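Chemist: I'd like to ask you about the structure that follows.
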Amino acid sequence: MAKPSGRTAGASRSAAPNGTPDDPDSRPKRFMRSALAILGETGRTDFTVLEVVERSRTSLRSFYQHFSSKDELLLALIDKIMSESTRRWREETAGLPATDALRMLVDQMCTPAESSTQDRVNRGLTNFNDRLAETLPQEYARVLSGPNALLKEIIERGIAEGTFRADLDVDATAALILQTMLGSMRLQMLGAELTGTPIEAEQIYTFCLNALRASASFGSKAAD
């Protein structure tokens with residue numbers, strides 16, 4: 001899962017420049033900040049809508065004017081985090097050789113959290129992602145469309161540079177690499193390492209790079 005900044009997680013109730021409470025258009029952000037703060041404290045997504053409302057100092061009526069359920073709020077939060085992160089990753093990888101861009105993306109997505117607060121956020125959102133993938137697969141795919149598109153761009157760049165194999169099926173390979181990273185992140189966050197040793201970002205990068213450079217048929221288009 002993408003890493004929201006500590007500033008976002010710890011944001012306090014904001015106010016309009018004139019000192020009055022936030023206007024209605026800003027309330028969705030307040031609800032998302034409140035949910036993120038609760039996640040940072042508990043690492044759980046089983047909090048109630050009422051907890052979010054009390055934290056944001058608004059009302060249930062206001063909440064349901066913007067979100068139909070807590071799940072919809074969490075989906076909006078994940079979508080916002082992933083969109084902002086992908087925008088930043090695209091800026092950081094622009095102009096880099098494909099191998100360096102891939103390394104930077106893996107490092108950004110797969111390096112363990114630097115704080116206990118961020119670790120709790122990641123764990124909570126990872127658990128929610130599992131449920132989202134099962135109950136709302138189309139919405140989950142939309143959330144992941146940003147990093148998936150960026151991976152496709154990096155692969156296409158590598159093919160153009162001659163670094164990656166020209167016969168790669170870009171769509172399938174990008175999806176496979178993204179799922180490899182997400183799966184490895186889940187094992188890191190949930191402490192369910194199969195080998196008993198944490199999988200490092202460098203190992204994930206090497207695995208993905210070998211797949212892109214290997215002579216095997218991984219990710220390649222089927223022969224005519």
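Going through the structure tokens in order, the chains are called A, B, and so on, while each chain numbers its residues from 1 and the ligands are numbered from 1 in the order shown.
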Could you list, as a ChimeraX atom specification, every residue within 10 Å of stretch 57-60 of chain A, counting only C-alpha atoms and ignoring same-chain residues fewer than 2 positions away?
Modeler: /A:13,21,27,30-31,34,49-55,62-65
Chemist: Could you dump the residues just selected with C-alpha atoms as a PDB file, in the first residue's frame?
Modeler:
ATOM      1  CA  ARG A  13      -9.214  19.857  12.289  1.00  0.00           C
ATOM      2  CA  PRO A  21     -15.364  25.904  10.099  1.00  0.00           C
ATOM      3  CA  ARG A  27     -15.947  17.784   4.697  1.00  0.00           C
ATOM      4  CA  ARG A  30     -12.102  15.934   7.037  1.00  0.00           C
ATOM      5  CA  PHE A  31     -13.784  12.527   7.181  1.00  0.00           C
ATOM      6  CA  SER A  34     -10.295  11.380  10.715  1.00  0.00           C
ATOM      7  CA  VAL A  49     -19.048   5.795  11.282  1.00  0.00           C
ATOM      8  CA  LEU A  50     -19.926   7.457  14.582  1.00  0.00           C
ATOM      9  CA  GLU A  51     -16.263   7.416  15.621  1.00  0.00           C
ATOM     10  CA  VAL A  52     -15.302   9.142  12.373  1.00  0.00           C
ATOM     11  CA  VAL A  53     -18.067  11.711  12.815  1.00  0.00           C
ATOM     12  CA  GLU A  54     -17.067  12.475  16.398  1.00  0.00           C
ATOM     13  CA  ARG A  55     -13.414  12.778  15.433  1.00  0.00           C
ATOM     14  CA  SER A  62     -23.207  15.397   6.997  1.00  0.00           C
ATOM     15  CA  PHE A  63     -21.339  12.104   6.685  1.00  0.00           C
ATOM     16  CA  TYR A  64     -24.135  10.388   4.776  1.00  0.00           C
ATOM     17  CA  GLN A  65     -24.407  13.363   2.458  1.00  0.00           C
TER      18      GLN A  65
END
Chemist: From the set A:Glu84, A:Phe164, A:Gly124, A:Asp79, which residue has the shortest atom-to-atom contact distance to A:Phe47, counting only C-alpha atoms?
Modeler: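 Closest to A:Phe47 of all the choices is A:Gly124.
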Chemist: Just the number, please: distance in Å from atom CA of A:Arg33 to atom CA of A:Asn129, one decimal.
Modeler: 18.4 Å
Chemist: Distance atom CA of A:Arg142-atom CA of A:Pro198, one decimal place?
Modeler: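 These two atoms are separated by 29.1 Å.
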Chemist: From the set A:Lys80, A:Arg120, A:Ala211, A:Ala201, which residue has the shortest atom-to-atom contact distance to A:Leu105, counting only C-alpha atoms?
Modeler: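 For A:Leu105, the nearest of the candidates is A:Ala201.
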Chemist: Could you name the residues that touch stretch 180-188 of chain A at 10 Å or less, counting only C-alpha atoms, but leaving out those on the same chain fewer than 4 positions away, as a list in words?
Modeler: Met1, Leu105, Val106, Met109, Cys110, Thr111, Pro112, Ala113, Asn122, Arg123, Thr126, Asn127, Asn129, Asp130, Ala174, Ala175, Leu176, Ala192, Glu193, Leu194, Thr197, Pro198, Ile199, Glu200, Ala201, Ile204, Tyr205, Phe207 and Cys208 of chain A
Chemist: Mind giving me the straight-line distance from atom CA of A:Asp167 to atom CA of A:Ile155 in Å, one decimal?
Modeler: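 Between atom CA of A:Asp167 and atom CA of A:Ile155 the gap is 11.3 Å.
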Chemist: Could you pull out all residues of chain A with a DSSP call of helix (DSSP H, G or I) and give them as number ranges by chain?
Modeler: A: 6-9, 24-42, 49-56, 60-66, 70-93, 98-110, 116-135, 137-161, 170-190, 201-213
Chemist: Mind dumping the selected residues with C-alpha atoms as a short mmCIF file (atom, residue, chain, number, x, y, z; two decimals), in the first residue's frame?
Modeler:
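Writing the result to out05.cif gives the following:
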data_model
loop_
_atom_site.label_atom_id
_atom_site.label_comp_id
_atom_site.auth_asym_id
_atom_site.auth_seq_id
_atom_site.Cartn_x
_atom_site.Cartn_y
_atom_site.Cartn_z
CA GLY A 6 2.88 11.61 8.65
CA ARG A 7 1.56 15.12 8.21
CA THR A 8 -1.61 13.78 6.62
CA ALA A 9 -2.04 11.12 9.27
CA PRO A 24 -19.28 21.54 3.04
CA ASP A 25 -16.96 20.89 0.09
CA SER A 26 -14.07 20.22 2.47
CA ARG A 27 -15.95 17.78 4.70
CA PRO A 28 -15.05 14.64 2.70
CA LYS A 29 -11.39 15.48 3.34
CA ARG A 30 -12.10 15.93 7.04
CA PHE A 31 -13.78 12.53 7.18
CA MET A 32 -10.83 10.94 5.39
CA ARG A 33 -8.33 12.64 7.73
CA SER A 34 -10.30 11.38 10.71
CA ALA A 35 -10.38 7.82 9.37
CA LEU A 36 -6.64 8.00 8.67
CA ALA A 37 -5.95 9.22 12.21
CA ILE A 38 -7.96 6.33 13.68
CA LEU A 39 -6.09 3.88 11.46
CA GLY A 40 -2.78 5.33 12.65
CA GLU A 41 -3.78 4.79 16.26
CA THR A 42 -5.37 1.34 16.01
CA VAL A 49 -19.05 5.80 11.28
CA LEU A 50 -19.93 7.46 14.58
CA GLU A 51 -16.26 7.42 15.62
CA VAL A 52 -15.30 9.14 12.37
CA VAL A 53 -18.07 11.71 12.81
CA GLU A 54 -17.07 12.48 16.40
CA ARG A 55 -13.41 12.78 15.43
CA SER A 56 -14.22 15.17 12.59
CA LEU A 60 -24.04 11.78 10.88
CA ARG A 61 -26.26 13.66 8.46
CA SER A 62 -23.21 15.40 7.00
CA PHE A 63 -21.34 12.10 6.69
CA TYR A 64 -24.13 10.39 4.78
CA GLN A 65 -24.41 13.36 2.46
CA HIS A 66 -20.95 12.45 1.18
CA LYS A 70 -17.71 3.40 6.01
CA ASP A 71 -16.46 1.16 3.20
CA GLU A 72 -17.10 3.91 0.69
CA LEU A 73 -15.12 6.31 2.90
CA LEU A 74 -12.19 3.88 3.10
CA LEU A 75 -12.32 3.32 -0.66
CA ALA A 76 -12.14 7.08 -1.20
CA LEU A 77 -9.22 7.30 1.23
CA ILE A 78 -7.28 4.53 -0.52
CA ASP A 79 -8.06 6.07 -3.92
CA LYS A 80 -6.75 9.46 -2.75
CA ILE A 81 -3.57 7.98 -1.26
CA MET A 82 -2.85 5.89 -4.34
CA SER A 83 -3.58 8.74 -6.78
CA GLU A 84 -1.31 11.16 -4.94
CA SER A 85 1.43 8.55 -4.55
CA THR A 86 1.31 7.58 -8.23
CA ARG A 87 1.56 11.22 -9.25
CA ARG A 88 4.67 11.59 -7.09
CA TRP A 89 6.20 8.33 -8.35
CA ARG A 90 5.65 9.37 -11.96
CA GLU A 91 7.47 12.66 -11.32
CA GLU A 92 10.35 10.87 -9.56
CA THR A 93 10.78 8.27 -12.31
CA ALA A 98 13.73 1.90 -17.12
CA THR A 99 15.79 -0.21 -14.71
CA ASP A 100 16.34 2.76 -12.37
CA ALA A 101 12.67 3.74 -12.62
CA LEU A 102 11.61 0.20 -11.72
CA ARG A 103 14.01 0.14 -8.76
CA MET A 104 12.66 3.46 -7.46
CA LEU A 105 9.05 2.29 -7.78
CA VAL A 106 9.74 -0.98 -5.97
CA ASP A 107 11.61 0.87 -3.23
CA GLN A 108 8.75 3.32 -2.79
CA MET A 109 6.05 0.65 -2.68
CA CYS A 110 7.83 -2.18 -0.87
CA SER A 116 4.75 2.56 14.01
CA THR A 117 1.91 4.89 13.03
CA GLN A 118 2.53 4.31 9.34
CA ASP A 119 2.85 0.59 9.94
CA ARG A 120 -0.58 0.52 11.60
CA VAL A 121 -2.09 2.47 8.69
CA ASN A 122 -0.56 0.06 6.19
CA ARG A 123 -1.79 -2.99 8.09
CA GLY A 124 -5.32 -1.66 8.37
CA LEU A 125 -5.55 -0.69 4.71
CA THR A 126 -4.01 -4.00 3.63
CA ASN A 127 -6.73 -5.90 5.47
CA PHE A 128 -9.36 -3.68 3.87
CA ASN A 129 -7.80 -4.21 0.42
CA ASP A 130 -8.25 -7.95 0.78
CA ARG A 131 -11.95 -7.49 1.43
CA LEU A 132 -12.26 -4.89 -1.30
CA ALA A 133 -10.69 -7.22 -3.87
CA GLU A 134 -13.33 -9.82 -3.01
CA THR A 135 -16.44 -7.67 -2.65
CA PRO A 137 -13.20 -6.05 -7.61
CA GLN A 138 -13.92 -3.36 -10.20
CA GLU A 139 -13.43 -0.57 -7.67
CA TYR A 140 -10.24 -2.22 -6.44
CA ALA A 141 -8.95 -2.46 -10.00
CA ARG A 142 -9.69 1.24 -10.47
CA VAL A 143 -7.68 2.11 -7.36
CA LEU A 144 -4.72 0.14 -8.73
CA SER A 145 -5.01 1.53 -12.26
CA GLY A 146 -2.56 4.35 -11.51
CA PRO A 147 0.48 2.29 -10.48
CA ASN A 148 -0.41 -0.31 -13.11
CA ALA A 149 -0.32 2.36 -15.83
CA LEU A 150 3.01 3.64 -14.50
CA LEU A 151 4.46 0.13 -14.60
CA LYS A 152 3.33 -0.23 -18.21
CA GLU A 153 5.07 3.04 -19.07
CA ILE A 154 8.29 1.84 -17.43
CA ILE A 155 8.15 -1.49 -19.26
CA GLU A 156 7.50 0.21 -22.59
CA ARG A 157 10.42 2.54 -21.88
CA GLY A 158 12.65 -0.45 -21.20
CA ILE A 159 11.59 -2.10 -24.45
CA ALA A 160 12.32 1.11 -26.37
CA GLU A 161 15.75 1.34 -24.70
CA VAL A 170 3.13 -5.29 -21.53
CA ASP A 171 -0.38 -5.45 -20.04
CA ALA A 172 0.04 -8.91 -18.53
CA THR A 173 3.59 -8.28 -17.33
CA ALA A 174 2.69 -5.01 -15.61
CA ALA A 175 -0.22 -6.70 -13.84
CA LEU A 176 1.97 -9.62 -12.74
CA ILE A 177 4.70 -7.35 -11.40
CA LEU A 178 2.18 -5.20 -9.54
CA GLN A 179 0.60 -8.26 -7.94
CA THR A 180 4.08 -9.55 -7.03
CA MET A 181 4.82 -6.31 -5.21
CA LEU A 182 1.44 -6.17 -3.49
CA GLY A 183 1.70 -9.79 -2.39
CA SER A 184 5.19 -9.26 -0.98
CA MET A 185 4.01 -6.13 0.84
CA ARG A 186 1.17 -8.08 2.39
CA LEU A 187 3.56 -10.70 3.75
CA GLN A 188 5.79 -7.96 5.15
CA MET A 189 2.94 -6.12 6.88
CA LEU A 190 1.11 -9.14 8.24
CA ALA A 201 12.65 -4.49 -1.63
CA GLU A 202 15.97 -5.32 -3.32
CA GLN A 203 14.92 -8.97 -3.65
CA ILE A 204 11.58 -7.96 -5.15
CA TYR A 205 13.34 -5.67 -7.62
CA THR A 206 15.80 -8.37 -8.66
CA PHE A 207 13.00 -10.88 -9.17
CA CYS A 208 11.00 -8.46 -11.34
CA LEU A 209 14.05 -7.34 -13.32
CA ASN A 210 15.04 -10.93 -14.06
CA ALA A 211 11.54 -11.56 -15.37
CA LEU A 212 11.81 -8.62 -17.73
CA ARG A 213 15.27 -9.53 -18.97
#
